[in-house]
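With CSV, C-alpha atoms (C1' of nucleotides) inside, this is protein-v9.csv:
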```
chain,number,residue,atom,x,y,z
A,1,MET,CA,26.6,-32.2,108.3
A,2,PRO,CA,23.7,-31.1,110.5
A,3,LEU,CA,23.3,-27.5,111.5
A,4,ASN,CA,23.5,-25.9,114.9
A,5,THR,CA,20.3,-23.9,114.6
A,6,GLU,CA,20.7,-22.1,117.9
A,7,ALA,CA,24.1,-20.8,116.9
A,8,ALA,CA,22.8,-20.0,113.4
A,9,LYS,CA,19.9,-18.2,114.9
A,10,ARG,CA,22.2,-16.0,117.0
A,11,ILE,CA,24.3,-15.2,114.0
A,12,GLN,CA,21.2,-14.0,112.1
A,13,GLU,CA,20.0,-11.9,115.0
A,14,VAL,CA,23.4,-10.2,115.4
A,15,LEU,CA,24.1,-9.6,111.7
A,16,ALA,CA,20.5,-8.3,111.2
A,17,ASN,CA,21.6,-5.2,113.0
A,18,ASN,CA,23.9,-4.4,110.1
A,19,ILE,CA,21.1,-4.1,107.5
A,20,VAL,CA,21.0,-0.7,105.9
A,21,PHE,CA,17.8,0.8,104.4
A,22,SER,CA,18.9,3.5,101.9
A,23,PRO,CA,17.9,4.6,98.4
A,24,LEU,CA,19.7,2.8,95.5
A,25,PRO,CA,21.6,5.1,93.2
A,26,PRO,CA,20.4,4.5,89.6
A,27,PRO,CA,22.1,1.1,88.8
A,28,GLU,CA,23.7,0.2,85.4
A,29,THR,CA,24.3,-3.4,86.1
A,30,VAL,CA,22.3,-6.1,88.0
A,31,ALA,CA,23.3,-9.6,89.0
A,32,GLY,CA,21.1,-12.7,89.5
A,33,LEU,CA,22.2,-15.5,91.9
A,34,ASP,CA,20.8,-19.0,92.0
A,35,VAL,CA,21.8,-22.5,93.0
A,36,ALA,CA,20.9,-26.0,91.7
A,37,TYR,CA,21.5,-29.3,93.2
A,38,SER,CA,22.4,-32.8,92.1
A,39,GLY,CA,23.4,-35.6,94.4
A,40,ASP,CA,25.7,-34.0,97.0
A,41,LEU,CA,26.8,-31.1,94.8
A,42,ALA,CA,25.6,-27.5,94.7
A,43,TYR,CA,26.0,-25.5,91.5
A,44,GLY,CA,26.0,-21.8,92.1
A,45,VAL,CA,25.7,-19.3,89.3
A,46,ALA,CA,26.1,-15.5,89.1
A,47,VAL,CA,25.0,-13.6,86.0
A,48,VAL,CA,25.6,-9.9,85.5
A,49,VAL,CA,23.2,-8.0,83.1
A,50,GLN,CA,23.5,-4.5,81.7
A,51,LEU,CA,20.2,-2.8,82.6
A,52,SER,CA,20.1,-0.5,79.5
A,53,THR,CA,20.6,-3.3,77.0
A,54,LEU,CA,19.7,-6.4,79.0
A,55,GLN,CA,22.9,-8.0,77.6
A,56,VAL,CA,24.8,-10.4,79.7
A,57,ILE,CA,28.2,-8.9,80.5
A,58,ASP,CA,29.6,-11.5,82.8
A,59,ILE,CA,29.0,-15.0,84.1
A,60,ALA,CA,30.6,-17.1,86.8
A,61,CYS,CA,29.8,-20.3,88.5
A,62,ALA,CA,31.0,-22.6,91.3
A,63,ILE,CA,30.6,-26.2,92.1
A,64,VAL,CA,30.9,-27.2,95.7
A,65,LYS,CA,29.9,-30.0,97.9
A,66,SER,CA,26.5,-29.5,99.5
A,67,VAL,CA,26.9,-30.2,103.2
A,68,VAL,CA,24.2,-28.3,105.0
A,69,PRO,CA,20.5,-29.5,104.7
A,70,TYR,CA,17.7,-27.1,104.0
A,71,ILE,CA,15.9,-26.0,107.1
A,72,PRO,CA,13.2,-23.4,106.9
A,73,THR,CA,14.5,-19.9,108.0
A,74,PHE,CA,18.2,-21.1,107.6
A,75,LEU,CA,18.4,-21.3,103.8
A,76,ALA,CA,21.5,-19.1,103.8
A,77,PHE,CA,23.6,-21.6,105.7
A,78,ARG,CA,23.0,-24.0,102.8
A,79,GLU,CA,23.2,-21.7,99.8
A,80,LEU,CA,25.5,-18.8,100.8
A,81,THR,CA,28.7,-20.7,99.9
A,82,PRO,CA,27.8,-21.7,96.4
A,83,MET,CA,26.4,-18.3,95.7
A,84,LEU,CA,29.3,-16.3,97.1
A,85,ARG,CA,31.9,-18.7,95.5
A,86,ALA,CA,30.3,-17.9,92.1
A,87,TYR,CA,30.0,-14.2,92.9
A,88,ILE,CA,33.6,-13.6,93.8
A,89,LYS,CA,34.7,-15.1,90.5
A,90,LEU,CA,32.9,-12.3,88.6
A,91,ARG,CA,35.3,-10.0,86.8
A,92,VAL,CA,32.6,-7.3,86.6
A,93,LYS,CA,30.9,-6.6,89.9
A,94,PRO,CA,27.2,-5.5,89.6
A,95,ASP,CA,25.6,-2.4,91.2
A,96,VAL,CA,22.9,-4.5,92.8
A,97,ILE,CA,22.2,-8.2,93.4
A,98,LEU,CA,18.9,-10.1,93.0
A,99,VAL,CA,18.8,-13.2,95.2
A,100,ASP,CA,16.4,-16.2,95.0
A,101,GLY,CA,14.9,-16.1,98.5
A,102,HIS,CA,13.7,-13.5,101.0
A,103,GLY,CA,15.5,-10.5,102.5
A,104,ILE,CA,14.0,-9.1,105.7
A,105,ALA,CA,10.7,-10.9,105.1
A,106,HIS,CA,12.0,-13.5,107.6
A,107,PRO,CA,11.3,-14.3,111.3
A,108,ARG,CA,14.5,-12.7,112.4
A,109,LYS,CA,14.6,-10.2,109.6
A,110,PHE,CA,17.6,-11.8,108.0
A,111,GLY,CA,16.8,-14.0,105.0
A,112,ILE,CA,19.5,-15.0,102.5
A,113,ALA,CA,19.3,-11.8,100.5
A,114,SER,CA,20.0,-9.8,103.6
A,115,HIS,CA,22.8,-12.1,104.6
A,116,ILE,CA,24.5,-11.7,101.2
A,117,GLY,CA,24.1,-7.9,101.3
A,118,VAL,CA,25.6,-7.5,104.7
A,119,VAL,CA,28.5,-9.8,104.0
A,120,LEU,CA,29.3,-8.2,100.7
A,121,LYS,CA,28.3,-4.7,101.8
A,122,LYS,CA,26.4,-4.5,98.5
A,123,PRO,CA,22.8,-3.7,97.6
A,124,THR,CA,20.7,-6.8,97.5
A,125,VAL,CA,17.0,-7.6,96.8
A,126,GLY,CA,15.2,-10.7,97.9
A,127,VAL,CA,12.9,-12.3,95.3
A,128,ALA,CA,11.0,-15.4,96.5
A,129,LYS,CA,8.3,-17.5,94.9
A,130,SER,CA,6.4,-18.1,98.1
A,131,ARG,CA,5.9,-16.6,101.5
A,132,LEU,CA,7.9,-17.6,104.5
A,133,TYR,CA,6.9,-15.1,107.1
A,134,GLY,CA,4.4,-12.2,107.5
A,135,GLU,CA,0.8,-11.5,107.0
A,136,GLU,CA,-0.2,-11.1,103.3
A,137,GLN,CA,-3.0,-8.8,102.4
A,138,ARG,CA,-3.5,-7.6,98.8
A,139,ASP,CA,0.0,-6.9,97.6
A,140,VAL,CA,1.7,-6.2,100.9
A,141,VAL,CA,3.2,-8.4,103.5
A,142,THR,CA,3.4,-7.0,107.0
A,143,ASP,CA,5.2,-8.2,110.2
A,144,PRO,CA,2.3,-9.4,112.4
A,145,LEU,CA,4.3,-8.2,115.5
A,146,THR,CA,5.1,-4.7,114.4
A,147,GLY,CA,2.8,-3.9,111.5
A,148,GLU,CA,5.8,-3.0,109.5
A,149,VAL,CA,5.6,-3.6,105.7
A,150,ILE,CA,8.3,-6.2,105.1
A,151,ALA,CA,7.6,-7.2,101.5
A,152,LYS,CA,5.5,-6.5,98.4
A,153,VAL,CA,3.9,-8.9,96.0
A,154,VAL,CA,4.9,-8.3,92.4
A,155,ARG,CA,3.0,-10.2,89.7
A,156,CYS,CA,5.4,-11.5,87.2
A,157,GLY,CA,4.4,-15.0,85.9
A,158,GLY,CA,3.0,-15.7,89.3
A,159,LYS,CA,3.5,-14.0,92.7
A,160,LYS,CA,7.0,-12.8,93.5
A,161,TYR,CA,7.6,-11.7,97.1
A,162,VAL,CA,10.1,-8.8,96.9
A,163,SER,CA,11.9,-7.6,100.1
A,164,VAL,CA,14.9,-5.5,101.0
A,165,GLY,CA,18.1,-7.4,101.4
A,166,SER,CA,20.2,-4.4,102.4
A,167,TYR,CA,21.4,-1.1,101.1
A,168,ILE,CA,18.2,-0.4,99.2
A,169,THR,CA,14.6,0.6,100.0
A,170,LEU,CA,11.5,-1.6,99.4
A,171,GLU,CA,10.3,1.0,96.9
A,172,ASP,CA,13.5,0.9,94.8
A,173,ALA,CA,13.6,-2.9,95.1
A,174,VAL,CA,10.1,-3.2,93.7
A,175,LYS,CA,10.8,-0.7,90.9
A,176,LEU,CA,13.9,-2.8,89.9
A,177,VAL,CA,12.1,-6.1,89.9
A,178,GLU,CA,9.2,-4.7,87.9
A,179,LYS,CA,11.6,-3.3,85.4
A,180,LEU,CA,13.3,-6.6,85.0
A,181,CYS,CA,10.1,-8.6,84.7
A,182,ILE,CA,10.3,-10.1,81.3
A,183,ASN,CA,8.3,-12.9,79.9
A,184,LYS,CA,6.8,-13.9,83.2
A,185,ASP,CA,10.2,-14.0,84.9
A,186,VAL,CA,12.7,-11.7,86.7
A,187,TYR,CA,15.2,-11.8,83.9
A,188,PRO,CA,18.6,-12.1,85.7
A,189,LEU,CA,17.2,-14.8,88.0
A,190,ARG,CA,15.7,-16.7,85.0
A,191,LEU,CA,19.2,-16.7,83.4
A,192,ALA,CA,20.9,-17.8,86.6
A,193,HIS,CA,18.3,-20.6,87.1
A,194,ASN,CA,18.7,-21.8,83.5
A,195,MET,CA,22.4,-21.8,83.7
A,196,SER,CA,22.6,-23.7,87.0
A,197,GLN,CA,20.3,-26.3,85.6
A,198,LYS,CA,22.4,-26.7,82.5
A,199,LEU,CA,25.6,-26.8,84.5
A,200,LYS,CA,24.6,-29.7,86.6
A,201,GLN,CA,23.9,-31.8,83.5
A,202,LYS,CA,27.5,-31.6,82.4
A,203,LYS,CA,30.3,-34.0,82.9
A,204,PRO,CA,31.6,-34.8,86.4
A,205,HIS,CA,34.3,-32.6,87.9
A,206,VAL,CA,37.6,-32.9,89.8
A,207,PHE,CA,37.6,-31.3,93.2
A,208,ASP,CA,40.4,-29.6,95.1
A,209,GLN,CA,41.2,-30.0,98.8
A,210,TRP,CA,38.6,-27.4,99.6
A,211,GLY,CA,35.8,-29.3,98.0
A,212,GLU,CA,35.5,-27.0,95.1
A,213,ALA,CA,35.8,-27.8,91.4
A,214,PRO,CA,37.7,-25.4,89.0
A,215,VAL,CA,35.2,-24.1,86.5
A,216,SER,CA,35.8,-21.4,83.9
A,217,SER,CA,33.2,-18.8,83.0
A,218,GLU,CA,32.9,-20.4,79.6
A,219,GLU,CA,32.4,-23.8,81.2
A,220,CYS,CA,29.3,-22.3,82.9
A,221,THR,CA,27.5,-21.7,79.6
B,1,DG,C1',0.3,-29.9,121.1
B,2,DC,C1',-0.9,-28.0,116.2
B,3,DG,C1',0.1,-25.7,112.0
B,4,DA,C1',3.6,-23.1,109.0
B,5,DC,C1',7.7,-23.6,106.8
B,6,DA,C1',12.3,-19.3,101.2
B,7,DG,C1',15.1,-23.3,98.2
C,1,DA,C1',15.4,-27.9,95.7
C,2,DT,C1',14.6,-32.8,93.5
C,3,DC,C1',11.9,-37.0,91.8
C,4,DT,C1',9.1,-36.8,86.6
C,5,DT,C1',5.2,-36.9,80.9
C,6,DG,C1',1.7,-36.0,79.4
C,7,DT,C1',-2.1,-33.3,79.4
C,8,DC,C1',-6.0,-29.7,79.9
C,9,DG,C1',-6.7,-25.0,78.8
C,10,DC,C1',-6.2,-20.0,77.2
```
Take the structure in this file and express it as structure tokens.
Amino acid sequence: MPLNTEAAKRIQEVLANNIVFSPLPPPETVAGLDVAYSGDLAYGVAVVVQLSTLQVIDIACAIVKSVVPYIPTFLAFRELTPMLRAYIKLRVKPDVILVDGHGIAHPRKFGIASHIGVVLKKPTVGVAKSRLYGEEQRDVVTDPLTGEVIAKVVRCGGKKYVSVGSYITLEDAVKLVEKLCINKDVYPLRLAHNMSQKLKQKKPHVFDQWGEAPVSSEECT
DNA sequence: GCGACAG
DNA sequence: ATCTTGTCGC
């Protein structure tokens, strides 16, 4: 299925008005969301980690048919479903969510991290491996049109572009990512990435009429 | 028209 | 993201 980019663009512009910039109350739990692909299937994984102990307290995953192609600035329309399908299966909801991709460091200020934050009304942080939009100088990325700081570069096994998704401030987002930078990786995202890669290597699955395969949390590991 | 372009 | 092994270097 192709993507109506004009309609998608209007959705992003409208929903971007719902982004909230506010301090994040000290979180106890953090989730990492990631998606892997194989053939025409998307494997979404959500991992919840206890900040004080770094122990994994919940895991969930979803296997759905991948229908939308990747088009720069429209990543959410391809990965939102697999990520949210996994997220809603969590029995323990996190205080804040880390997403693979940008938040407001996006042409229309509405990257996938912001999209998820607005839809779930939950604090989210965008953590990307490369820049999509903005002028990078030193460790800050600014919007060339407004001069506003839209992201900060955090060194953690390479550059990580950290931006606000929603319900958080850039300062709190950066503090959280730095705290979770372990062994050159943002821990929760590393776990989610490893799990999605593992998951897709498993046996085929049976799909229901909605194009989703039943997968237990144990089956994710 | 040209270059840029998350995963 | 995915296709793919070894190899050069700290």
Provide as a PDB file with C-alpha atoms, in the coordinates of the input the residues of chain A at most 10 Å from chain B, counting all atoms listed in the file.
```
ATOM      1  CA  ASP A  34      20.800 -19.000  92.000  1.00  0.00           C
ATOM      2  CA  VAL A  35      21.800 -22.500  93.000  1.00  0.00           C
ATOM      3  CA  ALA A  36      20.900 -26.000  91.700  1.00  0.00           C
ATOM      4  CA  TYR A  70      17.700 -27.100 104.000  1.00  0.00           C
ATOM      5  CA  ILE A  71      15.900 -26.000 107.100  1.00  0.00           C
ATOM      6  CA  PRO A  72      13.200 -23.400 106.900  1.00  0.00           C
ATOM      7  CA  THR A  73      14.500 -19.900 108.000  1.00  0.00           C
ATOM      8  CA  PHE A  74      18.200 -21.100 107.600  1.00  0.00           C
ATOM      9  CA  LEU A  75      18.400 -21.300 103.800  1.00  0.00           C
ATOM     10  CA  ALA A  76      21.500 -19.100 103.800  1.00  0.00           C
ATOM     11  CA  ARG A  78      23.000 -24.000 102.800  1.00  0.00           C
ATOM     12  CA  GLU A  79      23.200 -21.700  99.800  1.00  0.00           C
ATOM     13  CA  ASP A 100      16.400 -16.200  95.000  1.00  0.00           C
ATOM     14  CA  GLY A 101      14.900 -16.100  98.500  1.00  0.00           C
ATOM     15  CA  HIS A 102      13.700 -13.500 101.000  1.00  0.00           C
ATOM     16  CA  GLY A 103      15.500 -10.500 102.500  1.00  0.00           C
ATOM     17  CA  ALA A 105      10.700 -10.900 105.100  1.00  0.00           C
ATOM     18  CA  HIS A 106      12.000 -13.500 107.600  1.00  0.00           C
ATOM     19  CA  GLY A 111      16.800 -14.000 105.000  1.00  0.00           C
ATOM     20  CA  ILE A 112      19.500 -15.000 102.500  1.00  0.00           C
ATOM     21  CA  GLY A 126      15.200 -10.700  97.900  1.00  0.00           C
ATOM     22  CA  VAL A 127      12.900 -12.300  95.300  1.00  0.00           C
ATOM     23  CA  ALA A 128      11.000 -15.400  96.500  1.00  0.00           C
ATOM     24  CA  LYS A 129       8.300 -17.500  94.900  1.00  0.00           C
ATOM     25  CA  SER A 130       6.400 -18.100  98.100  1.00  0.00           C
ATOM     26  CA  ARG A 131       5.900 -16.600 101.500  1.00  0.00           C
ATOM     27  CA  LEU A 132       7.900 -17.600 104.500  1.00  0.00           C
ATOM     28  CA  TYR A 133       6.900 -15.100 107.100  1.00  0.00           C
ATOM     29  CA  TYR A 161       7.600 -11.700  97.100  1.00  0.00           C
TER      30      TYR A 161
END
```
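Here the question is which of A:His193, A:Lys159, A:Arg91, A:Arg138 gets nearest to chain C using all atoms listed in the file, and that residue is A:His193.
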Give one line per residue of chain C that approaches chain A to at most 12 Å, naming the two atoms of the closest pair and their distance in Å to one decimal, counting all atoms listed in the file; sort by chain then ascending residue number and deliver it as a Markdown table.
```
| residue | atom | partner | partner_atom | distance |
| --- | --- | --- | --- | --- |
| C:DA1 | C1' | A:Tyr37 | CA | 6.7 |
| C:DT2 | C1' | A:Tyr37 | CA | 7.7 |
| C:DC3 | C1' | A:Ser38 | CA | 11.3 |
```
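Here CA of Ala46 in chain A is placed at a distance of 23.0 Å from CA of Val20 in chain A.
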Find, counting only C-alpha atoms, the residue in A:Leu33, A:Asp95, A:Ile63, A:Asp40 that gets nearest to Val206 in chain A. A:Ile63
So, with only C-alpha atoms as the atoms that count, which of A:Thr221, A:Ser114, A:Ser216, A:Thr146 lies closest to Lys89 in chain A?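 Residue with the minimum atom-to-atom distance to Lys89 in chain A: A:Ser216.
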Set the distance at 9 Å and use only C-alpha atoms (C1' of nucleotides): which residues neighbour Ala151 in chain A once local chain neighbours fewer than 2 positions away are removed? I'd like the list as a VMD selection string. chain A and resid 102 to 105 134 136 139 to 142 149 153 161 to 164 170
C1' of DT7 in chain C to CA of Lys200 in chain A, distance in Å rounded to a single decimal: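 Interatomic distance, C1' of DT7 in chain C to CA of Lys200 in chain A: 27.9 Å.
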I'd like the interatomic distance between CA of Val47 in chain A and CA of Pro188 in chain A, to a tenth of an Å.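 The value is 6.6 Å.
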Exercise: residues within 12 Å of coordinate (33.3, -21.5, 95.4), counting all atoms listed in the file, as a ChimeraX atom specification: /A:35,41-46,60-66,79-90,207-208,210-216
Within 12 Å of (22.3, -6.5, 78.8) (coordinates as in the file), grab all the protein and nucleic acid residues, counting only C-alpha atoms (C1' of nucleotides), and write them out as a PyMOL selection string. chain A and resi 28-31+47-58+94+180+187-188+191
